[in-house]
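What follows is one structure encoded as structure tokens, with my remarks underneath.
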Amino acid sequence: MKMSSLHDLLVVQLKDLYSAETQLVKALPKMVKHTTSDALREAIDNHLEETRGQVERLQKIGEVLDAKLTGHKCQGMVGLIEEGAEVLEADGPEAILDAAIVAAAQRVEHYEIAAYGTARTMAELLGQQEVVELLQQTLDEEKAADQKLTQIVEGEIYPQAGQSSEEWAEENGRRRGGRAKAASAR
């Protein structure tokens with residue numbers, strides 16, 4: 001990978017973003033399927049559509065810069081998606097699992113916010129105004145998605161999680177005393 005100029009570095013960053021977004025297009029439907037909160041499901045579903053648009057926007061940026069953005073794998077997103085997949089396999093109360101999905105999704109959003117902000121600044125320094133505007137549009141969408149997730153988790157999911165975790169523990173015999181008694185009985 002050649003990085004002898006800021007332009008080269010920008011292209012590398014854009015390839016990473018393109019890979020990240022295409023990975024998310026495949027991963028987000030799995031999150032939707034495991035979500036129990038209607039508001040969370042709708043937010044993730046809406047962001048999936050935005051993500052598809054972000055892939056198209058990146059393709060346009062590639063055309064503007066005369067750069068091929070395919071052929072690279074964003075390892076950061078691979079790791080974030082793997083962590084998210086672990087959440088989808090977890091067992092527990094629905095509200096707790098939804099809260100875990102939000103936590104995984106917000107890690108992704110924060111990663112993207114950092115990456116898009118960096119790429120936008122590089123494009124700005126290079127005088128690539130059209131690229132700056134396209135990247136800013138995506139950056140705004142990522143920030144809005146993060147804010148929406150925060151509203152949902154704080155307004156709906158966390159309050160339910162506090163109530164449901166005690167009920168789930170009782171149903172599954174996992175109270176602190178129950179664990180201690182079970183351990184001492186062995």
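Following the order of the structure tokens, chains are lettered A, B, ..., residues in each are numbered from 1, and ligands are numbered from 1.
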Quick one: residues within 8 Å of Cys74 in chain A, only C-alpha atoms counted, chain neighbours fewer than 2 positions away excluded, as an mmCIF file with C-alpha atoms, in the first residue's frame?
```
data_model
loop_
_atom_site.group_PDB
_atom_site.id
_atom_site.type_symbol
_atom_site.label_atom_id
_atom_site.label_comp_id
_atom_site.auth_asym_id
_atom_site.auth_seq_id
_atom_site.Cartn_x
_atom_site.Cartn_y
_atom_site.Cartn_z
ATOM 1 C CA ASP A 16 -11.157 1.272 5.036
ATOM 2 C CA LEU A 17 -14.493 3.094 5.326
ATOM 3 C CA SER A 19 -14.973 -1.993 3.598
ATOM 4 C CA ALA A 20 -16.451 -1.095 6.992
ATOM 5 C CA HIS A 72 -9.283 -3.826 1.239
ATOM 6 C CA GLY A 76 -11.334 -2.683 12.934
ATOM 7 C CA MET A 77 -14.853 -3.357 11.702
ATOM 8 C CA VAL A 78 -14.174 -7.084 11.585
#
```
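For range 107-115 of chain A, the set of protein, DNA and RNA residues having any atom at most 8 Å away, when counting only C-alpha atoms and skipping those fewer than 3 positions along the same chain, is Gln13, Leu17, Met77, Leu80, Ala103, Ala104, Thr118, Ala119, Leu139, Glu142, Lys143, Ala145 and Asp146 of chain A.
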Same residues, all heavy atoms, saved as a tab-separated table (two decimals), in the first residue's frame:
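So again_26.tsv came out as:
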```
chain	number	residue	atom	x	y	z
A	13	GLN	N	-7.78	5.62	3.79
A	13	GLN	CA	-8.85	5.81	4.77
A	13	GLN	C	-10.22	5.53	4.16
A	13	GLN	O	-11.08	4.91	4.78
A	13	GLN	CB	-8.81	7.23	5.34
A	13	GLN	CG	-7.55	7.58	6.09
A	13	GLN	CD	-7.31	6.67	7.27
A	13	GLN	OE1	-8.16	6.53	8.13
A	13	GLN	NE2	-6.16	6.04	7.31
A	17	LEU	N	-13.09	2.75	5.10
A	17	LEU	CA	-14.49	3.09	5.33
A	17	LEU	C	-15.42	2.31	4.39
A	17	LEU	O	-16.48	1.83	4.82
A	17	LEU	CB	-14.71	4.60	5.14
A	17	LEU	CG	-14.27	5.45	6.31
A	17	LEU	CD1	-14.16	6.91	5.91
A	17	LEU	CD2	-15.21	5.27	7.48
A	77	MET	N	-13.44	-3.00	11.78
A	77	MET	CA	-14.85	-3.36	11.70
A	77	MET	C	-15.04	-4.86	11.87
A	77	MET	O	-16.04	-5.29	12.45
A	77	MET	CB	-15.46	-2.87	10.38
A	77	MET	CG	-16.97	-2.97	10.35
A	77	MET	SD	-17.82	-2.09	11.70
A	77	MET	CE	-17.47	-0.39	11.27
A	80	LEU	N	-15.18	-5.29	15.57
A	80	LEU	CA	-16.41	-4.75	16.14
A	80	LEU	C	-17.61	-5.65	15.81
A	80	LEU	O	-18.48	-5.88	16.66
A	80	LEU	CB	-16.66	-3.33	15.64
A	80	LEU	CG	-15.70	-2.28	16.19
A	80	LEU	CD1	-15.85	-0.97	15.42
A	80	LEU	CD2	-15.92	-2.07	17.68
A	103	ALA	N	-24.99	-1.12	22.94
A	103	ALA	CA	-23.58	-0.88	23.27
A	103	ALA	C	-22.68	-1.26	22.10
A	103	ALA	O	-21.77	-0.51	21.73
A	103	ALA	CB	-23.19	-1.66	24.53
A	104	ALA	N	-22.96	-2.40	21.49
A	104	ALA	CA	-22.16	-2.84	20.33
A	104	ALA	C	-22.36	-1.89	19.15
A	104	ALA	O	-21.39	-1.53	18.47
A	104	ALA	CB	-22.56	-4.26	19.94
A	118	THR	N	-11.89	12.14	10.37
A	118	THR	CA	-10.49	12.19	9.92
A	118	THR	C	-10.41	12.33	8.40
A	118	THR	O	-9.66	13.18	7.88
A	118	THR	CB	-9.75	10.91	10.37
A	118	THR	OG1	-9.77	10.86	11.80
A	118	THR	CG2	-8.33	10.87	9.87
A	119	ALA	N	-11.17	11.53	7.69
A	119	ALA	CA	-11.16	11.58	6.22
A	119	ALA	C	-11.65	12.94	5.72
A	119	ALA	O	-11.08	13.51	4.79
A	119	ALA	CB	-12.01	10.45	5.64
A	139	LEU	N	-21.00	11.78	8.00
A	139	LEU	CA	-20.63	12.05	9.39
A	139	LEU	C	-21.86	12.51	10.18
A	139	LEU	O	-22.10	12.05	11.31
A	139	LEU	CB	-19.51	13.08	9.45
A	139	LEU	CG	-18.96	13.43	10.83
A	139	LEU	CD1	-18.44	12.21	11.56
A	139	LEU	CD2	-17.85	14.49	10.68
A	142	GLU	N	-24.05	9.52	10.90
A	142	GLU	CA	-23.49	8.65	11.95
A	142	GLU	C	-23.71	9.26	13.33
A	142	GLU	O	-24.08	8.55	14.28
A	142	GLU	CB	-22.00	8.40	11.71
A	142	GLU	CG	-21.64	7.73	10.40
A	142	GLU	CD	-22.20	6.33	10.20
A	142	GLU	OE1	-22.93	5.80	11.07
A	142	GLU	OE2	-21.91	5.73	9.15
A	143	LYS	N	-23.52	10.56	13.45
A	143	LYS	CA	-23.77	11.23	14.73
A	143	LYS	C	-25.24	11.14	15.12
A	143	LYS	O	-25.58	10.91	16.28
A	143	LYS	CB	-23.32	12.69	14.67
A	143	LYS	CG	-21.81	12.86	14.64
A	143	LYS	CD	-21.42	14.33	14.52
A	143	LYS	CE	-19.92	14.51	14.50
A	143	LYS	NZ	-19.55	15.94	14.36
A	145	ALA	N	-27.36	8.81	14.21
A	145	ALA	CA	-27.65	7.42	14.58
A	145	ALA	C	-27.21	7.15	16.01
A	145	ALA	O	-27.93	6.51	16.79
A	145	ALA	CB	-26.96	6.47	13.61
A	146	ASP	N	-26.05	7.66	16.37
A	146	ASP	CA	-25.54	7.49	17.74
A	146	ASP	C	-26.48	8.17	18.74
A	146	ASP	O	-26.82	7.59	19.78
A	146	ASP	CB	-24.13	8.07	17.84
A	146	ASP	CG	-23.54	7.90	19.22
A	146	ASP	OD1	-23.52	6.76	19.73
A	146	ASP	OD2	-23.11	8.92	19.80
```
Check which residues of range 52-90 of chain A sit at most 10 Å from range 32-40 of chain A using only C-alpha atoms, and return one row each with the closest pair of atoms and their distance in Å to one decimal, ordered by chain and rising number, as a tab-separated table.
```
residue	atom	partner	partner_atom	distance
A:Val87	CA	A:His34	CA	9.5
A:Leu88	CA	A:His34	CA	6.5
A:Glu89	CA	A:His34	CA	9.2
```
Selection above as a file: all heavy atoms, as a PDB file, in the first residue's frame:
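File part-v6.pdb, as written:
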```pdb
ATOM      1  N   VAL A  87     -22.711 -10.812  21.341  1.00  0.00           N
ATOM      2  CA  VAL A  87     -23.908 -10.316  22.024  1.00  0.00           C
ATOM      3  C   VAL A  87     -25.144 -11.043  21.502  1.00  0.00           C
ATOM      4  O   VAL A  87     -26.045 -11.391  22.268  1.00  0.00           O
ATOM      5  CB  VAL A  87     -24.046  -8.782  21.822  1.00  0.00           C
ATOM      6  CG1 VAL A  87     -25.410  -8.283  22.228  1.00  0.00           C
ATOM      7  CG2 VAL A  87     -22.950  -8.060  22.573  1.00  0.00           C
ATOM      8  N   LEU A  88     -25.184 -11.294  20.209  1.00  0.00           N
ATOM      9  CA  LEU A  88     -26.355 -11.938  19.611  1.00  0.00           C
ATOM     10  C   LEU A  88     -26.509 -13.378  20.070  1.00  0.00           C
ATOM     11  O   LEU A  88     -27.597 -13.945  19.978  1.00  0.00           O
ATOM     12  CB  LEU A  88     -26.281 -11.872  18.082  1.00  0.00           C
ATOM     13  CG  LEU A  88     -26.190 -10.468  17.475  1.00  0.00           C
ATOM     14  CD1 LEU A  88     -26.154 -10.552  15.956  1.00  0.00           C
ATOM     15  CD2 LEU A  88     -27.310  -9.570  17.953  1.00  0.00           C
ATOM     16  N   GLU A  89     -25.449 -13.977  20.579  1.00  0.00           N
ATOM     17  CA  GLU A  89     -25.489 -15.353  21.064  1.00  0.00           C
ATOM     18  C   GLU A  89     -25.718 -15.434  22.564  1.00  0.00           C
ATOM     19  O   GLU A  89     -25.867 -16.522  23.114  1.00  0.00           O
ATOM     20  CB  GLU A  89     -24.170 -16.069  20.716  1.00  0.00           C
ATOM     21  CG  GLU A  89     -23.864 -16.127  19.229  1.00  0.00           C
ATOM     22  CD  GLU A  89     -24.925 -16.873  18.436  1.00  0.00           C
ATOM     23  OE1 GLU A  89     -25.419 -17.910  18.918  1.00  0.00           O
ATOM     24  OE2 GLU A  89     -25.273 -16.402  17.331  1.00  0.00           O
TER      25      GLU A  89
END
```
Notebook entry, point to check: Which neighbours of Leu10 in chain A fall inside 10 Å, counting only C-alpha atoms, when residues of the same chain fewer than 6 positions from it are skipped, and could you give them as number ranges by chain?
Noted result: A: 3, 16, 65, 118-123, 126
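Picture a line from CA of Thr138 in chain A to CA of Val11 in chain A; it runs 16.5 Å.
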Shell around Lys148 in chain A at 12 Å using only C-alpha atoms, local window under 6 positions removed, as an mmCIF file with N, CA and C atoms, in the first residue's frame:
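Produced file selection_9.cif, reproduced below:
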```
data_model
loop_
_atom_site.group_PDB
_atom_site.id
_atom_site.type_symbol
_atom_site.label_atom_id
_atom_site.label_comp_id
_atom_site.auth_asym_id
_atom_site.auth_seq_id
_atom_site.Cartn_x
_atom_site.Cartn_y
_atom_site.Cartn_z
ATOM 1 N N ALA A 39 -38.605 0.151 18.918
ATOM 2 C CA ALA A 39 -37.904 1.402 18.594
ATOM 3 C C ALA A 39 -36.473 1.121 18.150
ATOM 4 N N LEU A 40 -35.810 0.185 18.817
ATOM 5 C CA LEU A 40 -34.433 -0.163 18.455
ATOM 6 C C LEU A 40 -34.395 -0.853 17.094
ATOM 7 N N ARG A 41 -35.327 -1.755 16.875
ATOM 8 C CA ARG A 41 -35.389 -2.456 15.584
ATOM 9 C C ARG A 41 -35.577 -1.451 14.444
ATOM 10 N N GLU A 42 -36.474 -0.501 14.645
ATOM 11 C CA GLU A 42 -36.726 0.515 13.624
ATOM 12 C C GLU A 42 -35.490 1.392 13.392
ATOM 13 N N ALA A 43 -34.811 1.766 14.471
ATOM 14 C CA ALA A 43 -33.614 2.607 14.341
ATOM 15 C C ALA A 43 -32.508 1.882 13.579
ATOM 16 N N ILE A 44 -32.302 0.611 13.894
ATOM 17 C CA ILE A 44 -31.253 -0.155 13.198
ATOM 18 C C ILE A 44 -31.648 -0.376 11.743
ATOM 19 N N ASN A 46 -33.571 1.540 9.908
ATOM 20 C CA ASN A 46 -33.395 2.821 9.216
ATOM 21 C C ASN A 46 -31.921 3.087 8.934
ATOM 22 N N HIS A 47 -31.057 2.750 9.898
ATOM 23 C CA HIS A 47 -29.637 2.990 9.687
ATOM 24 C C HIS A 47 -29.058 2.047 8.634
ATOM 25 N N VAL A 102 -27.267 -2.249 21.750
ATOM 26 C CA VAL A 102 -27.021 -0.810 21.625
ATOM 27 C C VAL A 102 -25.549 -0.505 21.908
ATOM 28 N N ALA A 105 -23.598 -1.471 18.930
ATOM 29 C CA ALA A 105 -23.886 -0.567 17.811
ATOM 30 C C ALA A 105 -23.224 0.792 18.021
ATOM 31 N N GLN A 106 -23.208 1.271 19.259
ATOM 32 C CA GLN A 106 -22.586 2.572 19.506
ATOM 33 C C GLN A 106 -21.070 2.509 19.366
ATOM 34 N N GLU A 109 -20.675 3.039 15.757
ATOM 35 C CA GLU A 109 -20.919 4.441 15.394
ATOM 36 C C GLU A 109 -19.731 5.325 15.773
ATOM 37 N N GLU A 141 -24.969 11.791 9.545
ATOM 38 C CA GLU A 141 -25.847 10.631 9.708
ATOM 39 C C GLU A 141 -25.363 9.719 10.832
ATOM 40 N N GLU A 142 -24.046 9.522 10.903
ATOM 41 C CA GLU A 142 -23.490 8.651 11.947
ATOM 42 C C GLU A 142 -23.714 9.258 13.332
ATOM 43 N N GLU A 154 -31.603 5.042 26.784
ATOM 44 C CA GLU A 154 -31.839 5.744 28.044
ATOM 45 C C GLU A 154 -33.331 5.888 28.347
ATOM 46 N N GLY A 155 -34.141 6.095 27.316
ATOM 47 C CA GLY A 155 -35.564 6.327 27.527
ATOM 48 C C GLY A 155 -36.396 5.077 27.680
ATOM 49 N N GLU A 156 -35.972 3.982 27.066
ATOM 50 C CA GLU A 156 -36.798 2.777 27.047
ATOM 51 C C GLU A 156 -36.083 1.546 27.599
#
```
Margin query: Can you pull out the residues contacting Leu134 in chain A? Cut-off 12 Å, using only C-alpha atoms, and skip same-chain residues under 2 positions away; I want them as a list in words.
Written below: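 Near Leu134 in chain A, the qualifying residues are Leu14, Gly53, Gln54, Val55, Glu56, Arg57, Leu58, Gln59, Lys60, Ile61, Gly62, Val64, Tyr116, Gly117, Ala119, Arg120, Ala123, Glu124, Gln128, Gln129, Glu130, Val131, Val132, Gln136, Gln137, Thr138, Leu139, Asp140 and Glu141 of chain A.
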Just write the chosen residues, N, CA, C and O atoms, as a compact mmCIF listing (two decimals), in the first residue's frame.
```
# COMPACT_ATOMS: atom_id res chain seq x y z
N LEU A 14 -10.42 5.96 2.93
CA LEU A 14 -11.68 5.74 2.25
C LEU A 14 -11.90 4.26 1.93
O LEU A 14 -13.03 3.76 2.02
N GLY A 53 -26.86 3.83 1.52
CA GLY A 53 -26.62 5.12 0.88
C GLY A 53 -25.19 5.60 1.09
O GLY A 53 -24.59 6.24 0.21
N GLN A 54 -24.62 5.30 2.24
CA GLN A 54 -23.25 5.69 2.53
C GLN A 54 -22.26 4.94 1.64
O GLN A 54 -21.26 5.50 1.20
N VAL A 55 -22.57 3.67 1.35
CA VAL A 55 -21.74 2.90 0.42
C VAL A 55 -21.77 3.57 -0.95
O VAL A 55 -20.72 3.76 -1.58
N GLU A 56 -22.96 3.96 -1.40
CA GLU A 56 -23.08 4.64 -2.69
C GLU A 56 -22.33 5.97 -2.68
O GLU A 56 -21.67 6.33 -3.67
N ARG A 57 -22.40 6.68 -1.58
CA ARG A 57 -21.70 7.96 -1.45
C ARG A 57 -20.19 7.74 -1.55
O ARG A 57 -19.48 8.50 -2.20
N LEU A 58 -19.71 6.70 -0.90
CA LEU A 58 -18.27 6.39 -0.97
C LEU A 58 -17.87 6.02 -2.40
O LEU A 58 -16.78 6.40 -2.86
N GLN A 59 -18.72 5.31 -3.10
CA GLN A 59 -18.43 4.99 -4.50
C GLN A 59 -18.30 6.27 -5.32
O GLN A 59 -17.40 6.39 -6.16
N LYS A 60 -19.18 7.23 -5.05
CA LYS A 60 -19.11 8.52 -5.75
C LYS A 60 -17.80 9.24 -5.41
O LYS A 60 -17.16 9.82 -6.28
N ILE A 61 -17.42 9.19 -4.14
CA ILE A 61 -16.15 9.82 -3.73
C ILE A 61 -14.99 9.17 -4.45
O ILE A 61 -14.07 9.85 -4.92
N GLY A 62 -15.03 7.85 -4.58
CA GLY A 62 -13.99 7.14 -5.33
C GLY A 62 -13.89 7.63 -6.76
O GLY A 62 -12.80 7.82 -7.30
N VAL A 64 -14.86 10.63 -7.86
CA VAL A 64 -14.35 12.02 -7.83
C VAL A 64 -12.83 12.01 -7.71
O VAL A 64 -12.13 12.79 -8.36
N TYR A 116 -14.74 8.97 9.69
CA TYR A 116 -15.27 9.95 8.74
C TYR A 116 -14.76 11.36 9.05
O TYR A 116 -14.48 12.13 8.13
N GLY A 117 -14.64 11.69 10.32
CA GLY A 117 -14.11 13.00 10.69
C GLY A 117 -12.68 13.18 10.21
O GLY A 117 -12.31 14.24 9.68
N ALA A 119 -11.17 11.53 7.69
CA ALA A 119 -11.16 11.58 6.22
C ALA A 119 -11.65 12.94 5.72
O ALA A 119 -11.08 13.51 4.79
N ARG A 120 -12.69 13.46 6.36
CA ARG A 120 -13.21 14.78 5.95
C ARG A 120 -12.15 15.86 6.12
O ARG A 120 -11.97 16.71 5.25
N ALA A 123 -9.61 15.57 3.33
CA ALA A 123 -10.18 16.08 2.07
C ALA A 123 -10.22 17.60 2.08
O ALA A 123 -9.96 18.24 1.05
N GLU A 124 -10.54 18.16 3.23
CA GLU A 124 -10.57 19.62 3.35
C GLU A 124 -9.19 20.22 3.10
O GLU A 124 -9.05 21.20 2.35
N GLN A 128 -10.58 19.29 -1.60
CA GLN A 128 -11.57 18.45 -2.28
C GLN A 128 -12.96 18.73 -1.70
O GLN A 128 -13.52 17.94 -0.95
N GLN A 129 -13.52 19.88 -2.06
CA GLN A 129 -14.77 20.35 -1.45
C GLN A 129 -15.94 19.39 -1.66
O GLN A 129 -16.73 19.17 -0.75
N GLU A 130 -16.07 18.82 -2.84
CA GLU A 130 -17.17 17.88 -3.08
C GLU A 130 -17.04 16.66 -2.17
O GLU A 130 -18.03 16.19 -1.59
N VAL A 131 -15.82 16.19 -2.00
CA VAL A 131 -15.56 15.05 -1.12
C VAL A 131 -15.87 15.45 0.33
O VAL A 131 -16.49 14.68 1.08
N VAL A 132 -15.46 16.63 0.73
CA VAL A 132 -15.74 17.13 2.08
C VAL A 132 -17.24 17.10 2.34
O VAL A 132 -17.70 16.62 3.39
N GLN A 136 -19.09 14.84 5.04
CA GLN A 136 -19.81 15.52 6.12
C GLN A 136 -21.24 15.01 6.22
O GLN A 136 -21.77 14.84 7.32
N GLN A 137 -21.86 14.75 5.10
CA GLN A 137 -23.22 14.22 5.09
C GLN A 137 -23.27 12.89 5.83
O GLN A 137 -24.15 12.66 6.67
N THR A 138 -22.32 12.02 5.55
CA THR A 138 -22.28 10.73 6.23
C THR A 138 -21.94 10.91 7.71
O THR A 138 -22.54 10.26 8.57
N LEU A 139 -21.00 11.78 8.00
CA LEU A 139 -20.63 12.05 9.39
C LEU A 139 -21.86 12.51 10.18
O LEU A 139 -22.10 12.05 11.31
N ASP A 140 -22.65 13.38 9.61
CA ASP A 140 -23.88 13.85 10.27
C ASP A 140 -24.85 12.69 10.51
O ASP A 140 -25.48 12.61 11.57
N GLU A 141 -24.97 11.79 9.55
CA GLU A 141 -25.85 10.63 9.71
C GLU A 141 -25.36 9.72 10.83
O GLU A 141 -26.16 9.21 11.62
```
Item checked: Per-residue DSSP, range 41-180 of chain A, filtered to alpha helix (DSSP H), as a PyMOL selection string -> chain A and resi 41-65+75-88+94-125+129-152+158-171+176-180
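Take the candidates A:Lys2, A:Gln160, A:Ile152, A:Asp8 and check each one against Asp66 in chain A using only C-alpha atoms; the shortest distance goes to A:Asp8.
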